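Structure, as structure tokens:
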There are 2 protein chains.
Amino acid sequence: MSTEQLMIQSALANWRLTIRRATSVFFELTEEEFYREIAPGRNRPIYILGHLVALHDAMLALLGLGERSHTDLDEIFIKTPDQTVASIPSAEELKKYWTEVHGELLEKFKNLTAEQWLQRHMAMSDEDYSKDMTRNRFTVLLNRTNHAGFHLGQLVLARK
Amino acid sequence: MSTEQLMIQSALANWRLTIRRATSVFFELTEEEFYREIAPGRNRPIYILGHLVALHDAMLALLGLGERSHTDLDEIFIKTPDQTVASIPSAEELKKYWTEVHGELLEKFKNLTAEQWLQRHMAMSDEDYSKDMTRNRFTVLLNRTNHAGFHLGQLVLARK
């Protein structure tokens, strides 16, 4: 295995571990726990679930790997804070999307070559990319893993 | 820049960002906030600070980059849970160690070549390493970044 491939394996192992741990928490939380603030005045697990689904769904387009399925979630879970939108999807619905989006991402990740991981992501122009070559798919994977881990740290506090 | 170097740059950027964000929180918290549980029955910021200092201090030895300075913190902040040890170092002391240990790590990181990042870490035998070549310095960096990010997600909840 080439050194690039080894590094990609490490990054993917971290992604899978983080998603697996978050999946465990989301599928263990009770309906009541989903709607209880993690700390006073802070996000509820239902918001973190929707937030991560929306952001990871957007990774498909950002990485040029496929079409998004849930652009409608951006308004509720990315552009506006928790407890400002009256009607939001249920935990059941969001958990279904969660499973689908991560299944699709992992499937697409498996087929990327090292060279493809190092290519620029889709929100970058060629000109911007030439200025900062670290703005590639691999960097997006690391950033999103860290972001998911950040919220996982909060999620575990919601679990009994 | 080689593709390996690009990937290392991405991973280091993530490490620095995570440490910088955690530093901001630790240096903004009031003395009172350091000793208040983040959520009922959960860790206090003082414990997370000591925990990360101890673990990152241990990275020096694990990565074969130098001697540890704070093995005495392991007992209080890694081996035993929060609020079980009566006398622990002050936030001031731990913040001083925090600054020192991350300064030293960054200094050492700067001088590592791509090849050195891919070498096995010190807790691995040659035999184990031959079975799993992803157990290298680079993987440790990714894992520790994610771990720090996990606790950062909790820390921001402690901030007013």
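Chain labels follow the order of the structure tokens: the first chain is A, the next B, and so on; residue numbering restarts at 1 in every chain, and ligands are counted from 1 in their shown order.
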Test item: residues at most 9 Å from A:Trp117, only C-alpha atoms, excluding those fewer than 2 positions along its chain, as a ChimeraX atom specification: /A:8,109,112-115,119-120,136-139
Please identify every residue of chain B that has at least one atom no farther than 10 Å from an atom of chain A, counting only C-alpha atoms, and for each give the shortest atom pair and the distance in Å to one decimal, arranged by chain then increasing number, as CSV.
residue,atom,partner,partner_atom,distance
B:Met1,CA,A:Met133,CA,9.1
B:Ser2,CA,A:Glu4,CA,10.0
B:Thr3,CA,A:Glu4,CA,7.1
B:Glu4,CA,A:Glu4,CA,5.9
B:Gln5,CA,A:Glu4,CA,9.6
B:Leu6,CA,A:Thr134,CA,6.0
B:Met7,CA,A:Phe138,CA,7.2
B:Ile8,CA,A:Met7,CA,8.8
B:Gln9,CA,A:Thr134,CA,7.2
B:Ser10,CA,A:Thr139,CA,5.7
B:Ala11,CA,A:Leu142,CA,7.1
B:Ala13,CA,A:Thr139,CA,9.3
B:Asn14,CA,A:Asn143,CA,7.0
B:Trp15,CA,A:Asn146,CA,9.6
B:Thr18,CA,A:Asn146,CA,8.6
B:Ile38,CA,A:Ala39,CA,7.3
B:Ala39,CA,A:Ala39,CA,5.8
B:Pro40,CA,A:Ala39,CA,8.5
B:Gly41,CA,A:Leu157,CA,9.4
B:Arg42,CA,A:Leu157,CA,7.4
B:Asn43,CA,A:Leu157,CA,9.6
B:Ala114,CA,A:Thr3,CA,9.0
B:Glu115,CA,A:Thr3,CA,8.4
B:Trp117,CA,A:Met7,CA,9.7
B:Leu118,CA,A:Thr3,CA,7.2
B:Asp132,CA,A:Leu6,CA,9.9
B:Met133,CA,A:Leu6,CA,7.3
B:Thr134,CA,A:Leu6,CA,5.9
B:Arg135,CA,A:Ser10,CA,8.3
B:Asn136,CA,A:Ser10,CA,9.1
B:Phe138,CA,A:Met7,CA,7.2
B:Thr139,CA,A:Ser10,CA,5.7
B:Val140,CA,A:Ser10,CA,9.2
B:Leu142,CA,A:Ala11,CA,7.1
B:Asn143,CA,A:Asn14,CA,7.0
B:Thr145,CA,A:Asn146,CA,7.4
B:Asn146,CA,A:Asn146,CA,5.4
B:His147,CA,A:Gly149,CA,7.6
B:Ala148,CA,A:Phe150,CA,8.4
B:Gly149,CA,A:Phe150,CA,4.9
B:Phe150,CA,A:Gly153,CA,4.3
B:His151,CA,A:Gly153,CA,5.8
B:Leu152,CA,A:Phe150,CA,6.3
B:Gly153,CA,A:Phe150,CA,4.3
B:Gln154,CA,A:Gln154,CA,5.3
B:Leu155,CA,A:Gln154,CA,8.9
B:Val156,CA,A:Gln154,CA,9.4
B:Leu157,CA,A:Ala39,CA,6.9
B:Ala158,CA,A:Ala39,CA,8.7
Spatial neighbours of stretch 78-88 of chain A, max dist 10 Å, only C-alpha atoms, sep filter under 5 positions, as an MDAnalysis selection string: chainID A and resid 35 37 41:48 50:52 54:55 73 94
Print the selection's residues with N, CA and C atoms to a file, as a CSV table (one decimal), in the first residue's frame.
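Saved to result.csv:
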chain,number,residue,atom,x,y,z
A,35,TYR,N,-35.4,15.6,22.7
A,35,TYR,CA,-35.9,17.0,22.7
A,35,TYR,C,-35.5,17.8,24.0
A,37,GLU,N,-32.6,19.8,26.1
A,37,GLU,CA,-31.4,20.6,25.8
A,37,GLU,C,-30.2,19.8,26.6
A,41,GLY,N,-30.0,26.1,27.7
A,41,GLY,CA,-29.9,27.0,26.6
A,41,GLY,C,-29.2,26.5,25.4
A,42,ARG,N,-28.7,25.2,25.4
A,42,ARG,CA,-27.9,24.7,24.3
A,42,ARG,C,-28.7,23.8,23.4
A,43,ASN,N,-28.1,23.3,22.3
A,43,ASN,CA,-28.8,22.5,21.3
A,43,ASN,C,-29.4,21.2,21.9
A,44,ARG,N,-30.5,20.7,21.3
A,44,ARG,CA,-31.0,19.4,21.6
A,44,ARG,C,-30.5,18.4,20.7
A,45,PRO,N,-30.4,17.1,21.1
A,45,PRO,CA,-29.9,16.1,20.2
A,45,PRO,C,-30.6,16.0,18.9
A,46,ILE,N,-31.9,16.3,18.8
A,46,ILE,CA,-32.6,16.3,17.6
A,46,ILE,C,-32.0,17.3,16.6
A,47,TYR,N,-31.6,18.5,17.1
A,47,TYR,CA,-31.0,19.5,16.2
A,47,TYR,C,-29.6,19.0,15.7
A,48,ILE,N,-28.8,18.4,16.6
A,48,ILE,CA,-27.5,17.9,16.2
A,48,ILE,C,-27.7,16.8,15.2
A,50,GLY,N,-30.2,16.5,13.0
A,50,GLY,CA,-30.5,17.1,11.7
A,50,GLY,C,-29.4,17.9,11.1
A,51,HIS,N,-28.6,18.6,12.0
A,51,HIS,CA,-27.4,19.4,11.5
A,51,HIS,C,-26.4,18.5,10.8
A,52,LEU,N,-26.1,17.3,11.4
A,52,LEU,CA,-25.1,16.4,10.8
A,52,LEU,C,-25.6,15.8,9.6
A,54,ALA,N,-27.8,17.1,7.5
A,54,ALA,CA,-27.8,18.1,6.4
A,54,ALA,C,-26.3,18.4,5.9
A,55,LEU,N,-25.4,18.5,6.8
A,55,LEU,CA,-24.0,18.8,6.5
A,55,LEU,C,-23.4,17.6,5.7
A,73,LEU,N,-33.2,20.5,4.5
A,73,LEU,CA,-32.8,20.5,5.9
A,73,LEU,C,-31.9,21.6,6.2
A,94,LEU,N,-35.3,11.5,10.6
A,94,LEU,CA,-33.9,11.9,10.5
A,94,LEU,C,-32.9,10.8,10.7
So, counting only C-alpha atoms, which residue among B:Val53, B:Val25, B:Leu62, B:Ala91 is closest to B:Gly103? B:Val53
I want to know what sits within 12 Å of B:Lys108, based on only C-alpha atoms, with residues of the same chain fewer than 4 positions away left out; could you give that as a list of chain:residue names?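 Near neighbours after the sequence-gap exclusion: B:Leu12, B:Met59, B:Leu60, B:Ala61, B:Leu63, B:Gly64, B:Leu65, B:Gly66, B:Glu67, B:Val101, B:His102, B:Gly103, B:Glu104, B:Leu112, B:Thr113, B:Gln116, B:Trp117.
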Any chance you could list, as a list in words, the residues in stretch 114-150 of chain A that come up helix (DSSP H, G or I) when DSSP is run on the backbone?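 Of stretch 114-150 of chain A, only Ala114, Glu115, Gln116, Trp117, Asp126, Glu127, Asp128, Tyr129, Ser130, Lys131, Arg137, Phe138, Thr139, Val140, Leu141, Leu142, Asn143, Arg144, Thr145, Asn146, His147, Ala148, Gly149 and Phe150 of chain A fall in helix (DSSP H, G or I).
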Report the distance between atom CA of A:Ala58 and atom CA of B:Arg144 in Å, rounded to one decimal place.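 Calculated distance between atom CA of A:Ala58 and atom CA of B:Arg144 is 26.1 Å.
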